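For reference, protein-v6.tsv (TSV, C-alpha atoms):
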```tsv
chain	number	residue	atom	x	y	z
A	75	MET	CA	27.42	6.61	37.52
A	76	ALA	CA	26.48	3.15	38.80
A	77	SER	CA	28.87	1.47	41.23
A	78	VAL	CA	29.37	-2.06	42.61
A	79	GLU	CA	30.19	-2.51	46.30
A	80	PRO	CA	31.00	-5.86	48.00
A	81	ARG	CA	28.93	-6.46	51.15
A	82	LYS	CA	30.62	-8.37	54.00
A	83	ASN	CA	29.40	-10.05	57.16
A	84	LYS	CA	30.91	-9.51	60.59
A	85	ASP	CA	33.56	-12.14	59.81
A	86	GLY	CA	34.70	-10.16	56.78
A	87	LYS	CA	33.33	-12.65	54.29
A	88	ILE	CA	31.68	-11.23	51.13
A	89	THR	CA	28.04	-12.25	51.14
A	90	SER	CA	26.66	-10.13	48.29
A	91	TYR	CA	27.37	-7.31	45.87
A	92	ARG	CA	25.33	-4.12	45.94
A	93	VAL	CA	24.80	-1.94	42.88
A	94	GLU	CA	23.98	1.72	43.46
A	95	TRP	CA	22.76	4.17	40.80
A	96	THR	CA	20.70	7.34	40.41
A	97	ASP	CA	17.41	6.99	38.54
A	98	LYS	CA	15.70	10.34	37.82
A	99	GLY	CA	17.36	11.95	40.85
A	100	LYS	CA	16.57	9.09	43.22
A	101	ARG	CA	19.40	7.00	44.66
A	102	THR	CA	18.57	3.31	44.16
A	103	ARG	CA	20.21	0.07	45.32
A	104	MET	CA	19.97	-3.61	44.41
A	105	SER	CA	21.92	-6.59	45.76
A	106	PHE	CA	23.19	-9.65	43.84
A	107	LYS	CA	24.74	-12.90	45.03
A	108	THR	CA	27.67	-12.85	42.61
A	109	GLN	CA	29.90	-10.14	41.24
A	110	GLY	CA	29.14	-11.31	37.70
A	111	GLU	CA	25.43	-10.64	38.16
A	112	ALA	CA	26.16	-7.26	39.72
A	113	ASP	CA	28.55	-6.26	36.92
A	114	LYS	CA	25.99	-7.33	34.31
A	115	TRP	CA	23.28	-5.19	35.93
A	116	LYS	CA	25.68	-2.23	36.19
A	117	ALA	CA	26.52	-2.51	32.49
A	118	LEU	CA	22.83	-2.62	31.56
A	119	LEU	CA	22.12	0.46	33.66
A	120	GLU	CA	24.92	2.44	32.09
A	121	ALA	CA	23.79	1.40	28.59
A	122	VAL	CA	20.32	2.91	29.18
A	123	GLY	CA	21.29	6.00	31.12
A	124	GLU	CA	20.54	4.41	34.50
A	125	ASP	CA	16.84	4.07	33.62
A	126	THR	CA	15.70	1.22	35.87
A	127	LYS	CA	12.66	0.18	33.80
A	128	GLN	CA	14.65	0.05	30.58
A	129	ALA	CA	17.39	-1.95	32.27
A	130	GLU	CA	14.84	-4.44	33.63
A	131	ARG	CA	13.35	-4.79	30.15
A	132	ALA	CA	16.79	-5.34	28.65
A	133	LEU	CA	17.51	-8.01	31.25
A	134	LEU	CA	14.26	-9.81	30.42
A	135	ARG	CA	15.11	-9.66	26.74
A	136	GLN	CA	18.53	-11.12	27.33
A	137	SER	CA	17.04	-14.03	29.25
A	138	SER	CA	14.06	-14.56	26.94
A	139	GLN	CA	13.88	-17.90	25.12
A	140	SER	CA	11.41	-16.57	22.55
A	141	PRO	CA	12.33	-16.09	18.88
A	142	THR	CA	13.01	-12.56	17.68
A	143	PHE	CA	10.23	-10.58	16.08
A	144	GLU	CA	12.00	-10.79	12.72
A	145	GLU	CA	12.01	-14.60	12.97
A	146	VAL	CA	8.30	-14.57	13.81
A	147	ALA	CA	7.54	-12.18	10.93
A	148	ARG	CA	9.39	-14.40	8.44
A	149	GLY	CA	7.57	-17.42	9.82
A	150	HIS	CA	4.28	-15.59	9.36
A	151	ILE	CA	5.12	-15.02	5.68
A	152	GLU	CA	5.90	-18.72	5.19
A	153	ARG	CA	2.48	-19.64	6.60
A	154	LEU	CA	0.54	-17.40	4.21
A	155	ILE	CA	-1.61	-19.19	1.64
A	156	ASN	CA	-3.06	-17.84	-1.63
A	157	VAL	CA	-0.97	-14.66	-1.47
A	158	ARG	CA	0.51	-13.17	-4.63
A	159	ASP	CA	4.28	-13.41	-5.09
A	160	TYR	CA	4.44	-9.64	-5.38
A	161	THR	CA	2.83	-9.30	-1.94
A	162	ILE	CA	5.35	-11.73	-0.44
A	163	LYS	CA	8.16	-9.70	-1.96
A	164	ARG	CA	6.66	-6.51	-0.52
A	165	TYR	CA	6.40	-8.04	2.97
A	166	LYS	CA	10.05	-9.15	2.85
A	167	GLY	CA	10.92	-5.61	1.82
A	168	TYR	CA	9.16	-4.33	4.93
A	169	ILE	CA	11.36	-6.55	7.10
A	170	LYS	CA	14.53	-5.47	5.31
A	171	ASN	CA	13.83	-1.74	5.19
A	172	HIS	CA	11.57	-0.85	8.14
A	173	PHE	CA	12.10	-3.25	11.04
A	174	GLU	CA	15.38	-1.96	12.48
A	175	PRO	CA	14.11	-0.84	15.93
A	176	ILE	CA	12.14	-4.04	16.64
A	177	SER	CA	13.55	-6.85	14.49
A	178	HIS	CA	16.06	-8.09	17.11
A	179	LEU	CA	13.67	-8.00	20.08
A	180	PRO	CA	12.30	-11.27	21.51
A	181	VAL	CA	8.70	-11.36	20.35
A	182	ASP	CA	7.39	-11.84	23.90
A	183	GLN	CA	9.15	-8.66	25.03
A	184	VAL	CA	7.87	-6.23	22.38
A	185	THR	CA	5.74	-3.61	24.17
A	186	GLU	CA	3.38	-0.80	23.24
A	187	ASP	CA	6.21	1.63	24.00
A	188	ASP	CA	8.36	-0.18	21.45
A	189	MET	CA	5.63	0.31	18.84
A	190	ILE	CA	5.41	4.02	19.65
A	191	ARG	CA	9.19	4.30	19.20
A	192	TRP	CA	8.87	2.40	15.91
A	193	ILE	CA	6.25	4.87	14.61
A	194	LYS	CA	8.51	7.80	15.56
A	195	TYR	CA	11.41	6.05	13.80
A	196	MET	CA	9.31	5.71	10.62
A	197	LEU	CA	8.27	9.37	10.75
A	198	LYS	CA	11.89	10.47	11.24
A	199	LYS	CA	12.82	8.45	8.14
A	200	GLY	CA	10.31	10.51	6.18
A	201	CYS	CA	7.87	7.65	5.53
A	202	SER	CA	4.35	8.71	4.56
A	203	PRO	CA	1.36	7.93	6.79
A	204	LYS	CA	0.18	5.44	4.15
A	205	THR	CA	3.52	3.58	4.19
A	206	ILE	CA	3.52	3.50	8.01
A	207	ALA	CA	-0.06	2.17	8.02
A	208	ASN	CA	0.81	-0.53	5.45
A	209	VAL	CA	3.86	-1.76	7.38
A	210	HIS	CA	2.00	-1.51	10.70
A	211	GLY	CA	-0.74	-3.69	9.23
A	212	PHE	CA	1.81	-6.39	8.44
A	213	ILE	CA	3.35	-6.10	11.94
A	214	HIS	CA	-0.13	-6.39	13.46
A	215	ALA	CA	-0.81	-9.57	11.46
A	216	ALA	CA	2.56	-11.07	12.43
A	217	MET	CA	1.87	-10.30	16.10
A	218	ASN	CA	-1.54	-11.96	15.82
A	219	SER	CA	0.29	-15.00	14.48
A	220	ALA	CA	2.58	-14.91	17.53
A	221	VAL	CA	-0.47	-14.79	19.83
A	222	ARG	CA	-2.05	-17.78	18.06
A	223	ARG	CA	1.22	-19.69	18.44
A	224	ARG	CA	1.25	-18.77	22.15
A	225	LEU	CA	4.56	-16.95	21.87
A	226	ARG	CA	3.05	-13.95	23.66
A	227	PRO	CA	-0.29	-13.24	25.41
A	228	ASP	CA	-1.45	-10.17	23.49
A	229	ASN	CA	-0.86	-7.94	20.48
A	230	PRO	CA	1.01	-4.70	21.29
A	231	CYS	CA	-0.31	-3.13	18.06
A	232	ASN	CA	-3.93	-3.09	19.22
A	233	GLY	CA	-5.34	0.37	19.65
A	234	ARG	CA	-2.27	2.06	18.17
A	235	LEU	CA	-2.90	5.61	16.90
A	236	LEU	CA	-1.18	5.92	13.54
A	237	PRO	CA	-0.23	9.29	12.01
A	238	LYS	CA	-2.90	10.88	9.81
A	239	ASP	CA	-2.39	11.49	6.13
A	240	ASP	CA	-2.15	15.28	5.95
A	241	ALA	CA	-1.46	15.48	2.21
A	242	THR	CA	-3.11	18.55	0.69
A	243	GLU	CA	-3.58	17.14	-2.81
A	244	ASP	CA	-4.88	13.94	-4.36
A	245	LYS	CA	-2.24	11.40	-5.29
A	246	ALA	CA	-4.41	10.28	-8.20
A	247	MET	CA	-4.42	12.47	-11.32
A	248	PHE	CA	-7.44	12.75	-13.58
A	249	LEU	CA	-6.52	13.69	-17.13
A	250	THR	CA	-8.97	14.90	-19.74
A	251	MET	CA	-9.21	13.12	-23.08
A	252	GLU	CA	-7.62	16.18	-24.64
A	253	GLN	CA	-4.59	15.79	-22.36
A	254	ILE	CA	-4.42	12.04	-23.01
A	255	ASN	CA	-4.47	12.68	-26.76
A	256	LYS	CA	-1.70	15.26	-26.47
A	257	ILE	CA	0.50	12.67	-24.75
A	258	ILE	CA	-0.41	9.94	-27.26
A	259	ASP	CA	0.46	12.32	-30.11
A	260	HIS	CA	4.05	12.24	-28.88
A	261	THR	CA	4.33	8.44	-28.85
A	262	PRO	CA	5.49	6.13	-31.67
A	263	ARG	CA	2.70	4.78	-33.89
A	264	TRP	CA	3.36	1.26	-32.59
A	265	HIS	CA	2.58	2.34	-29.02
A	266	LYS	CA	-0.73	4.10	-29.72
A	267	PRO	CA	-3.00	1.00	-29.57
A	268	MET	CA	-1.74	0.25	-26.05
A	269	TRP	CA	-2.49	3.72	-24.70
A	270	LEU	CA	-5.89	3.81	-26.42
A	271	LEU	CA	-6.78	0.43	-24.92
A	272	LEU	CA	-5.82	1.61	-21.42
A	273	ILE	CA	-7.86	4.82	-21.60
A	274	GLY	CA	-10.75	2.99	-23.24
A	275	SER	CA	-10.90	0.10	-20.77
A	276	GLY	CA	-9.32	1.14	-17.46
A	277	LEU	CA	-7.13	-1.98	-17.43
A	278	ARG	CA	-4.07	-2.20	-15.23
A	279	LEU	CA	-0.75	-2.25	-17.09
A	280	GLY	CA	0.02	-5.82	-15.99
A	281	GLU	CA	-3.39	-6.96	-17.24
A	282	ALA	CA	-2.92	-5.31	-20.64
A	283	THR	CA	0.58	-6.69	-21.28
A	284	ALA	CA	-0.63	-10.24	-20.49
A	285	LEU	CA	-3.37	-10.23	-23.15
A	286	THR	CA	-3.37	-12.69	-26.06
A	287	PRO	CA	-5.65	-12.60	-29.17
A	288	SER	CA	-8.10	-15.12	-27.71
A	289	ASP	CA	-8.89	-12.72	-24.86
A	290	PHE	CA	-10.64	-10.36	-27.30
A	291	GLN	CA	-14.15	-10.59	-28.73
A	292	LEU	CA	-14.01	-7.71	-31.20
A	293	ASP	CA	-16.89	-8.79	-33.43
A	294	ALA	CA	-19.37	-9.71	-30.71
A	295	GLU	CA	-22.60	-7.78	-30.35
A	296	ILE	CA	-20.90	-6.01	-27.46
A	297	PRO	CA	-17.11	-6.09	-28.17
A	298	SER	CA	-15.11	-6.93	-25.08
A	299	VAL	CA	-11.86	-8.16	-23.59
A	300	ARG	CA	-11.72	-10.92	-20.98
A	301	ILE	CA	-9.24	-10.47	-18.09
A	302	THR	CA	-8.07	-13.82	-16.68
A	303	LYS	CA	-4.37	-13.21	-16.04
A	304	SER	CA	-1.84	-10.52	-15.26
A	305	PHE	CA	1.90	-10.01	-15.14
A	306	GLN	CA	3.09	-9.77	-11.54
A	307	GLU	CA	6.46	-9.15	-9.96
A	308	VAL	CA	8.06	-12.05	-8.09
A	309	GLU	CA	11.33	-12.34	-6.15
A	310	ASP	CA	13.46	-13.19	-9.16
A	311	GLY	CA	11.60	-11.27	-11.88
A	312	TRP	CA	8.08	-11.38	-13.31
A	313	SER	CA	5.56	-14.10	-14.05
A	314	ILE	CA	2.03	-14.57	-15.39
A	315	GLY	CA	-0.47	-15.19	-12.62
A	316	ALA	CA	-4.08	-14.70	-11.63
A	317	PRO	CA	-5.45	-11.14	-11.63
A	318	LYS	CA	-4.99	-8.99	-8.53
A	319	THR	CA	-8.31	-10.00	-6.91
A	320	LYS	CA	-11.12	-12.48	-7.57
A	321	LYS	CA	-13.27	-9.71	-9.02
A	322	ALA	CA	-10.39	-8.62	-11.25
A	323	ARG	CA	-11.23	-11.70	-13.33
A	324	ARG	CA	-13.80	-9.92	-15.45
A	325	THR	CA	-15.10	-8.99	-18.91
A	326	VAL	CA	-14.69	-5.36	-19.97
A	327	ALA	CA	-16.87	-3.94	-22.73
A	328	LEU	CA	-15.03	-1.95	-25.42
A	329	ALA	CA	-16.24	1.09	-27.33
A	330	PRO	CA	-16.19	1.01	-31.16
A	331	SER	CA	-13.36	3.57	-31.24
A	332	THR	CA	-11.25	1.37	-28.95
A	333	VAL	CA	-11.98	-1.67	-31.13
A	334	ALA	CA	-10.91	0.28	-34.21
A	335	ALA	CA	-7.68	1.37	-32.48
A	336	ILE	CA	-6.59	-2.14	-31.48
A	337	ARG	CA	-8.10	-4.41	-34.16
A	338	GLU	CA	-5.08	-4.49	-36.47
A	339	ARG	CA	-2.73	-5.29	-33.58
A	340	VAL	CA	-4.96	-8.02	-32.20
A	341	GLU	CA	-5.58	-9.68	-35.55
A	342	SER	CA	-1.92	-9.57	-36.58
A	343	THR	CA	-0.71	-11.27	-33.41
A	344	SER	CA	-0.20	-15.05	-33.55
A	345	ALA	CA	-2.34	-17.26	-31.32
A	346	GLY	CA	-0.94	-17.54	-27.81
A	347	GLN	CA	1.40	-14.55	-28.24
A	348	ARG	CA	1.19	-11.31	-26.25
A	349	VAL	CA	-0.66	-8.64	-28.19
A	350	PHE	CA	1.03	-5.55	-26.81
A	351	SER	CA	4.82	-5.57	-27.10
A	352	ILE	CA	6.99	-2.48	-26.79
A	353	SER	CA	8.31	-2.88	-30.36
A	354	PRO	CA	7.43	-5.00	-33.46
A	355	ASP	CA	10.51	-7.22	-33.14
A	356	THR	CA	10.37	-7.76	-29.38
A	357	THR	CA	8.84	-10.97	-28.02
A	358	VAL	CA	10.48	-11.06	-24.59
A	359	PHE	CA	8.06	-10.29	-21.75
A	360	PRO	CA	7.34	-8.63	-19.47
A	361	GLN	CA	8.11	-5.07	-20.56
A	362	HIS	CA	6.71	-3.17	-17.59
A	363	ARG	CA	9.77	-0.95	-17.22
A	364	GLN	CA	9.92	-0.20	-20.95
A	365	TRP	CA	6.28	0.88	-21.03
A	366	LEU	CA	6.88	3.18	-18.05
A	367	ASP	CA	9.86	4.75	-19.82
A	368	ALA	CA	7.81	5.18	-23.01
A	369	TRP	CA	4.96	6.88	-21.14
A	370	TYR	CA	7.21	9.26	-19.21
A	371	GLY	CA	9.17	10.02	-22.39
A	372	ALA	CA	5.97	10.98	-24.18
A	373	ILE	CA	4.92	13.24	-21.29
A	374	LYS	CA	8.28	15.00	-21.38
A	375	LEU	CA	7.91	15.65	-25.12
A	376	ALA	CA	4.33	16.83	-24.70
A	377	LYS	CA	5.32	19.30	-21.98
A	378	ALA	CA	8.15	20.63	-24.13
A	379	ASP	CA	5.94	21.08	-27.21
A	380	GLU	CA	6.11	24.81	-27.96
A	381	LEU	CA	3.08	24.74	-30.27
A	382	ASP	CA	0.71	22.93	-27.90
A	383	PRO	CA	2.31	22.17	-24.51
A	384	LEU	CA	0.77	19.79	-21.98
A	385	LYS	CA	-0.50	22.14	-19.26
A	386	ILE	CA	-0.06	20.03	-16.12
A	387	GLU	CA	2.26	20.57	-13.15
A	388	ARG	CA	2.79	17.01	-11.93
A	389	ARG	CA	3.87	14.01	-13.96
A	390	PRO	CA	0.98	11.54	-14.37
A	391	ARG	CA	1.70	7.82	-13.93
A	392	ILE	CA	0.48	5.07	-16.23
A	393	HIS	CA	-1.94	4.13	-13.44
A	394	ASP	CA	-3.44	7.61	-13.78
A	395	ILE	CA	-4.76	6.55	-17.20
A	396	ARG	CA	-6.93	4.09	-15.23
A	397	HIS	CA	-8.04	6.89	-12.87
A	398	SER	CA	-8.84	9.08	-15.88
A	399	HIS	CA	-10.91	6.30	-17.45
A	400	ALA	CA	-12.87	5.98	-14.20
A	401	SER	CA	-13.57	9.72	-14.05
A	402	MET	CA	-14.83	9.64	-17.64
A	403	MET	CA	-17.15	6.72	-16.87
A	404	ILE	CA	-18.60	8.61	-13.90
A	405	ALA	CA	-19.03	11.75	-16.00
A	406	GLY	CA	-20.92	9.60	-18.50
A	407	GLY	CA	-23.38	8.43	-15.84
A	408	MET	CA	-21.88	5.16	-14.57
A	409	ASN	CA	-22.55	4.56	-10.89
A	410	LEU	CA	-19.88	3.40	-8.44
A	411	PHE	CA	-21.13	-0.20	-8.28
A	412	GLU	CA	-20.90	-0.54	-12.05
A	413	LEU	CA	-17.50	1.13	-12.00
A	414	ALA	CA	-16.22	-1.24	-9.30
A	415	ASP	CA	-17.14	-4.21	-11.52
A	416	ARG	CA	-15.53	-2.64	-14.57
A	417	LEU	CA	-12.28	-1.87	-12.76
A	418	GLY	CA	-12.19	-5.23	-10.94
A	419	HIS	CA	-12.20	-3.80	-7.42
A	420	GLU	CA	-12.70	-6.43	-4.74
A	421	SER	CA	-14.67	-4.00	-2.59
A	422	ILE	CA	-16.93	-1.05	-3.39
A	423	THR	CA	-15.11	0.72	-0.54
A	424	THR	CA	-12.01	1.02	-2.73
A	425	THR	CA	-14.05	2.58	-5.52
A	426	THR	CA	-15.83	4.98	-3.19
A	427	LYS	CA	-12.64	6.17	-1.48
A	428	THR	CA	-10.91	6.79	-4.80
A	429	TYR	CA	-13.72	8.14	-6.95
A	430	GLY	CA	-16.63	9.05	-4.65
A	431	HIS	CA	-15.81	12.75	-4.84
A	432	LEU	CA	-16.38	12.63	-8.60
A	433	VAL	CA	-20.09	11.78	-8.23
A	434	PRO	CA	-21.82	15.20	-8.04
A	435	ASP	CA	-25.38	13.85	-7.79
A	436	ALA	CA	-24.53	12.12	-4.53
A	437	HIS	CA	-23.40	15.45	-3.07
A	438	PHE	CA	-26.56	17.20	-4.27
A	439	ARG	CA	-28.71	14.50	-2.67
A	440	ALA	CA	-26.76	14.81	0.58
A	441	ALA	CA	-27.19	18.59	0.58
A	442	ALA	CA	-30.91	18.19	-0.08
A	443	MET	CA	-31.31	15.73	2.79
A	444	VAL	CA	-29.47	18.06	5.17
A	445	GLU	CA	-31.65	21.01	4.07
A	446	THR	CA	-34.81	18.97	4.68
A	447	ALA	CA	-33.63	17.93	8.14
A	448	LEU	CA	-32.59	21.47	9.17
A	449	ALA	CA	-35.82	22.99	7.89
A	450	GLY	CA	-37.79	20.51	9.94
A	451	LYS	CA	-40.08	19.75	7.03
A	452	PRO	CA	-40.75	16.02	6.64
A	453	LYS	CA	-40.39	15.58	2.90
A	454	GLU	CA	-40.17	12.43	0.89
A	455	ILE	CA	-36.74	12.24	-0.67
A	456	GLU	CA	-37.49	11.64	-4.36
A	457	GLY	CA	-34.06	12.12	-5.91
A	458	GLU	CA	-34.38	14.58	-8.78
A	459	ALA	CA	-37.16	16.69	-7.25
A	460	ILE	CA	-35.20	17.24	-4.06
A	461	ILE	CA	-32.02	17.94	-6.02
A	462	ASP	CA	-33.83	20.59	-8.06
A	463	GLU	CA	-35.15	22.24	-4.89
A	464	ALA	CA	-31.67	22.26	-3.35
A	465	ILE	CA	-30.18	23.83	-6.46
A	466	GLU	CA	-32.88	26.50	-6.64
A	467	ALA	CA	-32.38	27.28	-2.96
```
The structure given in the file should be rewritten as structure tokens.
Amino acid sequence: MASVEPRKNKDGKITSYRVEWTDKGKRTRMSFKTQGEADKWKALLEAVGEDTKQAERALLRQSSQSPTFEEVARGHIERLINVRDYTIKRYKGYIKNHFEPISHLPVDQVTEDDMIRWIKYMLKKGCSPKTIANVHGFIHAAMNSAVRRRLRPDNPCNGRLLPKDDATEDKAMFLTMEQINKIIDHTPRWHKPMWLLLIGSGLRLGEATALTPSDFQLDAEIPSVRITKSFQEVEDGWSIGAPKTKKARRTVALAPSTVAAIRERVESTSAGQRVFSISPDTTVFPQHRQWLDAWYGAIKLAKADELDPLKIERRPRIHDIRHSHASMMIAGGMNLFELADRLGHESITTTTKTYGHLVPDAHFRAAAMVETALAGKPKEIEGEAIIDEAIEA
């Protein structure tokens, strides 16, 4: 245990105060001019188990004039421009729910070791690698903001090794049309046009619930729906705003069967009103939660159907209708660039990561290229011819 000892000169006058403690088996001493300083250092040592480095860091933090990291993070949010309200709400949720180990630290005193402890804290909480990466990305951006404002010289997040996603199954579910129809069969008649639009277009739920009659061109040579707006969650509820990305502002072609399924609903809706409400007498929007409940209720009924049960283990989300639409487009021959435009992805990378494994031709071509390289035979890669040779081999 640390101790404080007054040090006297030959006249018996106290000239300093010496603190002694044991750090990792080594006896260590430090002198201070006043007893207050010595007592403060002793208290810091005892608070950190007599770890000298941690005590020194705590002392620096106590004397730092820098704002706390939480203050810097909130300031970073206030400086963001052209960011969706939902994103702002999510960032504030990060601060509230995931910043406990670092929020109170002066921003100039946050170290790489602190970030390692933060990652371990997140893992202990049971957060997924994806959640940790998302929050870490926000912390990294806030620290970059601190560097630009000259509150600290560097970013302690640089080079940080984040935990890998070791999930053994895809989070996305890909339903067949037969499975989709089984679920739709267990929904009220009023709801069917909504589900058939989603599976026929790949729209996001917020995009579909924001649609008005003028967004549809059902009698055009190529029937379509124009996406220019979307419901989005804000701090105090929901509001209509721009689509999720610039490329989400798009025109989506509709199949004749989809047109037939939604025509009556579109044409019976007054100009300027939302086409897809949860019930005929409901005009209050949004109804995101109600549509989720309706979808999960239909799945529950479909699974419990003794005559023709829904044979799936996990519960698909509404967003999995969008994934299922994408898989059907790929099966029909649509390439990933076309699919990215149809789904409104800002980057082809998103489309490739999510749906690339569903493109069998790409894998055949890759296998053929590898075979050619290993065989040492310089062949011209001609697509179908090489694929046929790989299959025959």
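Counting all atoms listed in the file and comparing A:Arg396, A:His214, A:Arg222, A:Arg103, the residue that lies closest to A:Ala76 is A:Arg103.
Separating atom CA of A:Met402 from atom CA of A:Leu279 is a distance of 18.4 Å.
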Report, as AutoDock Vina command-line options, the axis-aligned box around all atoms of stretch 343-351 of chain A present in the file, extended by 3 Å on each side; give centre and edge lengths in Å to one decimal place.
```
--center_x 1.2 --center_y -11.5 --center_z -29.9 --size_x 13.2 --size_y 18.0 --size_z 13.3
```
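For stretch 197-199 of chain A, the residues within 12 Å (counting only C-alpha atoms, excluding itself and residues fewer than 5 positions away along the chain) are Asn171, His172, Glu174, Ile190, Arg191, Trp192, Lys204, Thr205, Ile206, Ala207, Leu236, Pro237, Lys238 and Asp239 of chain A.
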- request: Name the residues in contact with A:Arg278 at a cut-off of 12 Å, using all atoms listed in the file, excluding same-chain residues fewer than 6 positions from it; report them as JSON, numbers by chain.
  value: {"A": [268, 269, 271, 272, 284, 285, 301, 303, 304, 305, 306, 317, 318, 322, 362, 391, 392, 393, 394, 395, 396, 397, 399, 416, 417, 418, 419]}
Fewer than 2 positions away in the same chain doesn't count, so skip those; otherwise give me all residues within 12 Å of A:Gln364, counting all atoms listed in the file, as a CSV table (one decimal) with C-alpha atoms, in the coordinates of the input.
```
chain,number,residue,atom,x,y,z
A,265,HIS,CA,2.6,2.3,-29.0
A,279,LEU,CA,-0.8,-2.2,-17.1
A,283,THR,CA,0.6,-6.7,-21.3
A,350,PHE,CA,1.0,-5.6,-26.8
A,351,SER,CA,4.8,-5.6,-27.1
A,352,ILE,CA,7.0,-2.5,-26.8
A,353,SER,CA,8.3,-2.9,-30.4
A,356,THR,CA,10.4,-7.8,-29.4
A,358,VAL,CA,10.5,-11.1,-24.6
A,359,PHE,CA,8.1,-10.3,-21.8
A,360,PRO,CA,7.3,-8.6,-19.5
A,361,GLN,CA,8.1,-5.1,-20.6
A,362,HIS,CA,6.7,-3.2,-17.6
A,366,LEU,CA,6.9,3.2,-18.0
A,367,ASP,CA,9.9,4.8,-19.8
A,368,ALA,CA,7.8,5.2,-23.0
A,369,TRP,CA,5.0,6.9,-21.1
A,370,TYR,CA,7.2,9.3,-19.2
A,371,GLY,CA,9.2,10.0,-22.4
A,392,ILE,CA,0.5,5.1,-16.2
```
message: Need the shell around stretch 405-413 of chain A: protein/DNA/RNA residues with any atom at most 8 Å away, counting all atoms listed in the file. Skip same-chain ones fewer than 2 positions apart. Format as number ranges by chain?
response: A: 400-403, 415-417, 422, 425-426, 429-430, 432-433
- line: Using all atoms listed in the file, the residue out of A:Gly86, A:Gly167, A:Pro390, A:Pro287 with shortest distance to A:Thr343 is A:Pro287
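With only C-alpha atoms as the atoms that count, the residue of A:Ala378, A:His260, A:Pro354, A:Ala414 with the shortest distance to A:Lys321 is A:Ala414.
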query: How many Å lie between atom CA of A:Leu119 and atom CA of A:Val146, rounded to one decimal?
result: 28.5 Å
- request: Extract, using all atoms listed in the file, all DNA, RNA and protein residues at most 9 Å from A:Pro227, discarding same-chain residues fewer than 6 positions from it, and format them as a count of residues only.
  value: 3
